[in-house]
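Structure, as structure tokens:
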Amino acid sequence: MSILHTVNKSPFERSSLDSCLKFARSGASVLLFEDGVYGALTGTAAEGRVREALATVKIYVLGADLKARGFGEERVIQGISVVDYSGFVDLAAEHAKVQAWL
Amino acid sequence: MSQIVKKFMYLNRKAPYGTIYAWESLEVVLIGAAFDQEVSLMFVDDGVYQLTKGQDTNGIGMKNFSPTYRTLGDYEVKNIYVDRDSLASRGLTEEDLVAIAWEDWETEEEVENIVQVIDSARASELMDEADVVFSF
């Protein structure tokens, strides 16, 4: 079973997302939540890196955190799945471990 | 009452909700309004996310303080600046931001939206002109 990586920091303020994507192995999953959700949006300076990562890892974003920040699913990069809190729990349960990138 | 009026600038560089900075800044701005100074707010870097439209925090169990920005015009805040580069690198435009109206109660002069998107050179100039810069 693979790793679920979580990122809760903005990609524009911390290197958490970049490091996560650098170390995540093929087949791993990445969940973006809290300020990490900004990395899931289209048109940003981080979009290219995220799209590239989608070729090897699955990426998820927590819907409630997107909504809190004023963004809907229509602003999310294609290929990223929006999940709710129970989806977060399912992901945690489905993977061998959870690795947090703070 | 005669007094010295200083130019206060609040410099906001953090996204809302993930940390407490945005909320703390807003609280200080509202408290500071009691002191009749010339107040401006500057949003750069992730701070521009504080002004996005349509924030709905029901799902995360936190207070949505976004509507409070729209009342800033009533608290003697006359100038709100947003750094254009910070918006662009986040895929945002002025359309994504809330509008904040301002009205002078004495002259009834009205400004529909005091949010101004400016370039970095202008932002530097405004920082220079401020007497005090409060950083959040």
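Naming works like this for the structure tokens: A, B, ... for the chains as they're shown, residue 1 at the start of each chain, ligands 1 onward in shown order.
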Give me the residues of chain B that have any atom at most 7 Å from an atom of chain A; for each, the nearest atom pair and the distance in Å, rounded to one decimal. Use only C-alpha atoms, sort by chain and number, and format it as JSON lines.
{"residue": "B:Gly18", "atom": "CA", "partner": "A:Asp35", "partner_atom": "CA", "distance": 5.4}
{"residue": "B:Thr52", "atom": "CA", "partner": "A:Gly70", "partner_atom": "CA", "distance": 5.9}
{"residue": "B:Lys53", "atom": "CA", "partner": "A:Gly70", "partner_atom": "CA", "distance": 5.7}
{"residue": "B:Gly54", "atom": "CA", "partner": "A:Gly70", "partner_atom": "CA", "distance": 4.6}
{"residue": "B:Gln55", "atom": "CA", "partner": "A:Gly70", "partner_atom": "CA", "distance": 3.8}
{"residue": "B:Asp56", "atom": "CA", "partner": "A:Ala68", "partner_atom": "CA", "distance": 4.4}
{"residue": "B:Thr57", "atom": "CA", "partner": "A:Ala68", "partner_atom": "CA", "distance": 4.1}
{"residue": "B:Gly59", "atom": "CA", "partner": "A:Ala64", "partner_atom": "CA", "distance": 4.9}
{"residue": "B:Ile60", "atom": "CA", "partner": "A:Ala64", "partner_atom": "CA", "distance": 6.0}
{"residue": "B:Ser89", "atom": "CA", "partner": "A:Ala45", "partner_atom": "CA", "distance": 5.1}
{"residue": "B:Arg90", "atom": "CA", "partner": "A:Thr44", "partner_atom": "CA", "distance": 4.2}
{"residue": "B:Gly91", "atom": "CA", "partner": "A:Gly43", "partner_atom": "CA", "distance": 4.1}
Considering only C-alpha atoms, return as a PDB file with C-alpha atoms, in the first residue's frame whatever protein or nucleic-acid residues lie within 7 Å of Val7 in chain A, sequence-local ones (same chain, fewer than 3 positions apart) excluded.
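Result file follows (around06.pdb):
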ATOM      1  CA  SER A  16       5.763  22.081   1.437  1.00  0.00           C
ATOM      2  CA  LEU A  17       3.997  21.270  -1.833  1.00  0.00           C
ATOM      3  CA  LEU A  31      -4.331  15.510  -0.310  1.00  0.00           C
ATOM      4  CA  LEU A  32      -4.393  19.316  -0.303  1.00  0.00           C
ATOM      5  CA  PHE A  33      -6.259  20.932   2.599  1.00  0.00           C
ATOM      6  CA  GLY A  36      -2.783  23.828   0.747  1.00  0.00           C
ATOM      7  CA  ALA A 100       2.216  15.267   6.560  1.00  0.00           C
ATOM      8  CA  TRP A 101       4.117  18.115   4.864  1.00  0.00           C
ATOM      9  CA  LEU A 102       3.678  21.006   7.282  1.00  0.00           C
TER      10      LEU A 102
END
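Proximity to Glu95 in chain B was assessed for B:Val117, B:Val111, B:Val44, B:Gly61 counting only C-alpha atoms; the smallest distance is recorded for B:Val117.
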Name the residues of chain A that fall into alpha helix (DSSP H) according to DSSP on the backbone, using the chain letters and numbers of this document, as an mmCIF file with N, CA and C atoms, in the first residue's frame.
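Saved the output as result.cif:
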data_model
loop_
_atom_site.group_PDB
_atom_site.id
_atom_site.type_symbol
_atom_site.label_atom_id
_atom_site.label_comp_id
_atom_site.auth_asym_id
_atom_site.auth_seq_id
_atom_site.Cartn_x
_atom_site.Cartn_y
_atom_site.Cartn_z
ATOM 1 N N SER A 16 6.379 23.373 1.085
ATOM 2 C CA SER A 16 5.763 22.081 1.437
ATOM 3 C C SER A 16 5.275 21.299 0.224
ATOM 4 N N LEU A 17 4.543 21.978 -0.672
ATOM 5 C CA LEU A 17 3.997 21.270 -1.833
ATOM 6 C C LEU A 17 5.123 20.793 -2.755
ATOM 7 N N ASP A 18 6.083 21.676 -3.005
ATOM 8 C CA ASP A 18 7.201 21.302 -3.875
ATOM 9 C C ASP A 18 7.951 20.105 -3.313
ATOM 10 N N SER A 19 8.221 20.133 -2.017
ATOM 11 C CA SER A 19 8.948 19.019 -1.403
ATOM 12 C C SER A 19 8.122 17.744 -1.460
ATOM 13 N N CYS A 20 6.845 17.879 -1.172
ATOM 14 C CA CYS A 20 5.959 16.728 -1.221
ATOM 15 C C CYS A 20 5.996 16.091 -2.601
ATOM 16 N N LEU A 21 5.846 16.918 -3.645
ATOM 17 C CA LEU A 21 5.814 16.391 -5.015
ATOM 18 C C LEU A 21 7.172 15.841 -5.432
ATOM 19 N N LYS A 22 8.220 16.384 -4.849
ATOM 20 C CA LYS A 22 9.567 15.912 -5.165
ATOM 21 C C LYS A 22 9.787 14.501 -4.607
ATOM 22 N N PHE A 23 9.288 14.267 -3.394
ATOM 23 C CA PHE A 23 9.558 12.991 -2.736
ATOM 24 C C PHE A 23 8.457 11.941 -2.916
ATOM 25 N N GLU A 47 0.567 25.905 -10.987
ATOM 26 C CA GLU A 47 -0.243 24.966 -11.774
ATOM 27 C C GLU A 47 0.586 23.978 -12.604
ATOM 28 N N GLY A 48 1.634 24.466 -13.250
ATOM 29 C CA GLY A 48 2.455 23.617 -14.103
ATOM 30 C C GLY A 48 3.043 22.439 -13.333
ATOM 31 N N ARG A 49 3.558 22.726 -12.137
ATOM 32 C CA ARG A 49 4.173 21.687 -11.305
ATOM 33 C C ARG A 49 3.137 20.664 -10.865
ATOM 34 N N VAL A 50 1.956 21.145 -10.556
ATOM 35 C CA VAL A 50 0.896 20.251 -10.093
ATOM 36 C C VAL A 50 0.411 19.358 -11.241
ATOM 37 N N ARG A 51 0.229 19.955 -12.413
ATOM 38 C CA ARG A 51 -0.205 19.174 -13.581
ATOM 39 C C ARG A 51 0.804 18.079 -13.917
ATOM 40 N N GLU A 52 2.063 18.436 -13.826
ATOM 41 C CA GLU A 52 3.126 17.480 -14.094
ATOM 42 C C GLU A 52 3.041 16.302 -13.106
ATOM 43 N N ALA A 53 2.797 16.613 -11.859
ATOM 44 C CA ALA A 53 2.730 15.584 -10.815
ATOM 45 C C ALA A 53 1.559 14.638 -11.031
ATOM 46 N N GLY A 63 -12.934 19.851 -0.239
ATOM 47 C CA GLY A 63 -13.924 20.805 -0.723
ATOM 48 C C GLY A 63 -14.271 21.908 0.261
ATOM 49 N N ALA A 64 -14.395 21.567 1.533
ATOM 50 C CA ALA A 64 -14.788 22.560 2.544
ATOM 51 C C ALA A 64 -13.765 23.692 2.649
ATOM 52 N N ASP A 65 -12.481 23.342 2.502
ATOM 53 C CA ASP A 65 -11.440 24.369 2.590
ATOM 54 C C ASP A 65 -11.415 25.250 1.342
ATOM 55 N N LEU A 66 -11.761 24.675 0.205
ATOM 56 C CA LEU A 66 -11.876 25.468 -1.025
ATOM 57 C C LEU A 66 -12.996 26.488 -0.883
ATOM 58 N N LYS A 67 -14.143 25.978 -0.426
ATOM 59 C CA LYS A 67 -15.352 26.785 -0.305
ATOM 60 C C LYS A 67 -15.150 27.921 0.695
ATOM 61 N N ALA A 68 -14.476 27.607 1.805
ATOM 62 C CA ALA A 68 -14.205 28.622 2.830
ATOM 63 C C ALA A 68 -13.416 29.776 2.235
ATOM 64 N N TYR A 85 -14.897 15.544 4.163
ATOM 65 C CA TYR A 85 -14.150 15.045 5.319
ATOM 66 C C TYR A 85 -14.165 13.515 5.407
ATOM 67 N N SER A 86 -15.296 12.906 5.046
ATOM 68 C CA SER A 86 -15.321 11.443 5.135
ATOM 69 C C SER A 86 -14.441 10.832 4.043
ATOM 70 N N GLY A 87 -14.319 11.556 2.928
ATOM 71 C CA GLY A 87 -13.402 11.116 1.875
ATOM 72 C C GLY A 87 -11.957 11.165 2.368
ATOM 73 N N PHE A 88 -11.650 12.176 3.160
ATOM 74 C CA PHE A 88 -10.331 12.342 3.788
ATOM 75 C C PHE A 88 -10.049 11.123 4.675
ATOM 76 N N VAL A 89 -11.034 10.750 5.477
ATOM 77 C CA VAL A 89 -10.884 9.610 6.384
ATOM 78 C C VAL A 89 -10.677 8.323 5.580
ATOM 79 N N ASP A 90 -11.477 8.165 4.516
ATOM 80 C CA ASP A 90 -11.336 6.976 3.662
ATOM 81 C C ASP A 90 -9.922 6.883 3.092
ATOM 82 N N LEU A 91 -9.421 8.024 2.604
ATOM 83 C CA LEU A 91 -8.068 8.041 2.024
ATOM 84 C C LEU A 91 -7.039 7.627 3.066
ATOM 85 N N ALA A 92 -7.200 8.172 4.272
ATOM 86 C CA ALA A 92 -6.252 7.846 5.347
ATOM 87 C C ALA A 92 -6.285 6.350 5.644
ATOM 88 N N ALA A 93 -7.501 5.787 5.629
ATOM 89 C CA ALA A 93 -7.661 4.363 5.949
ATOM 90 C C ALA A 93 -7.130 3.468 4.828
ATOM 91 N N GLU A 94 -7.270 3.945 3.587
ATOM 92 C CA GLU A 94 -6.878 3.127 2.427
ATOM 93 C C GLU A 94 -5.367 3.053 2.216
#
> CA of Val57 in chain A to CA of Leu4 in chain A: how many Å, to one decimal?
Replying inline: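 A separation of 10.0 Å between them.
In this comparison, which uses only C-alpha atoms, the residue of B:Ala101, B:Ala34, B:Met62, B:Leu41 approaching Ile20 in chain B most closely is B:Met62.
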Long-range neighbours of Ile59 in chain A as a short mmCIF file (atom, residue, chain, number, x, y, z; two decimals) with C-alpha atoms, in the first residue's frame, 6 Å cut-off, only C-alpha atoms, 3 positions minimum in chain:
data_model
loop_
_atom_site.label_atom_id
_atom_site.label_comp_id
_atom_site.auth_asym_id
_atom_site.auth_seq_id
_atom_site.Cartn_x
_atom_site.Cartn_y
_atom_site.Cartn_z
CA SER A 29 -1.67 10.10 -3.21
CA VAL A 30 -1.55 13.75 -2.20
CA LEU A 31 -4.33 15.51 -0.31
CA ILE A 80 -7.69 16.63 -9.12
#
> Quick one: distance from CA of Phe65 in chain B to CA of Asp85 in chain B in Å, one decimal?
Replying inline: 24.7 Å
For Arg13 in chain B: contacts at 12 Å, only C-alpha atoms, fewer than 2 positions along chain excluded, given as a tab-separated table (two decimals) with C-alpha atoms, in the first residue's frame:
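Written output follows (around-v3.tsv):
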chain	number	residue	atom	x	y	z
A	10	SER	CA	0.10	27.61	0.60
A	12	PHE	CA	3.33	30.47	-2.49
A	13	GLU	CA	4.48	30.80	1.09
B	10	TYR	CA	-1.57	47.70	7.42
B	11	LEU	CA	0.47	45.31	5.31
B	15	ALA	CA	-4.08	33.88	3.48
B	16	PRO	CA	-7.20	33.78	5.70
B	19	THR	CA	-3.32	31.11	10.25
B	20	ILE	CA	-4.68	33.81	12.58
B	21	TYR	CA	-2.80	36.74	10.95
B	22	ALA	CA	-5.61	37.91	8.65
B	23	TRP	CA	-8.18	37.98	11.43
B	25	SER	CA	-4.99	42.36	11.29
B	41	LEU	CA	-4.56	48.56	3.82
B	42	MET	CA	-2.11	46.88	1.49
B	43	PHE	CA	-2.63	43.30	0.32
B	44	VAL	CA	0.35	41.49	-1.19
B	45	ASP	CA	1.46	37.86	-1.61
B	46	ASP	CA	-1.07	35.42	-0.09
B	47	GLY	CA	-2.75	38.42	1.58
B	48	VAL	CA	-4.72	38.95	-1.64
B	49	TYR	CA	-6.66	35.78	-0.79
B	50	GLN	CA	-8.26	37.63	2.13
B	51	LEU	CA	-10.38	39.62	-0.33
B	82	VAL	CA	-3.87	45.14	-3.91
B	83	ASP	CA	-0.60	44.22	-5.60
B	86	SER	CA	0.40	38.91	-6.40
B	134	PHE	CA	1.90	47.34	10.70
B	135	SER	CA	2.82	43.93	9.31
B	136	PHE	CA	0.63	40.88	9.36
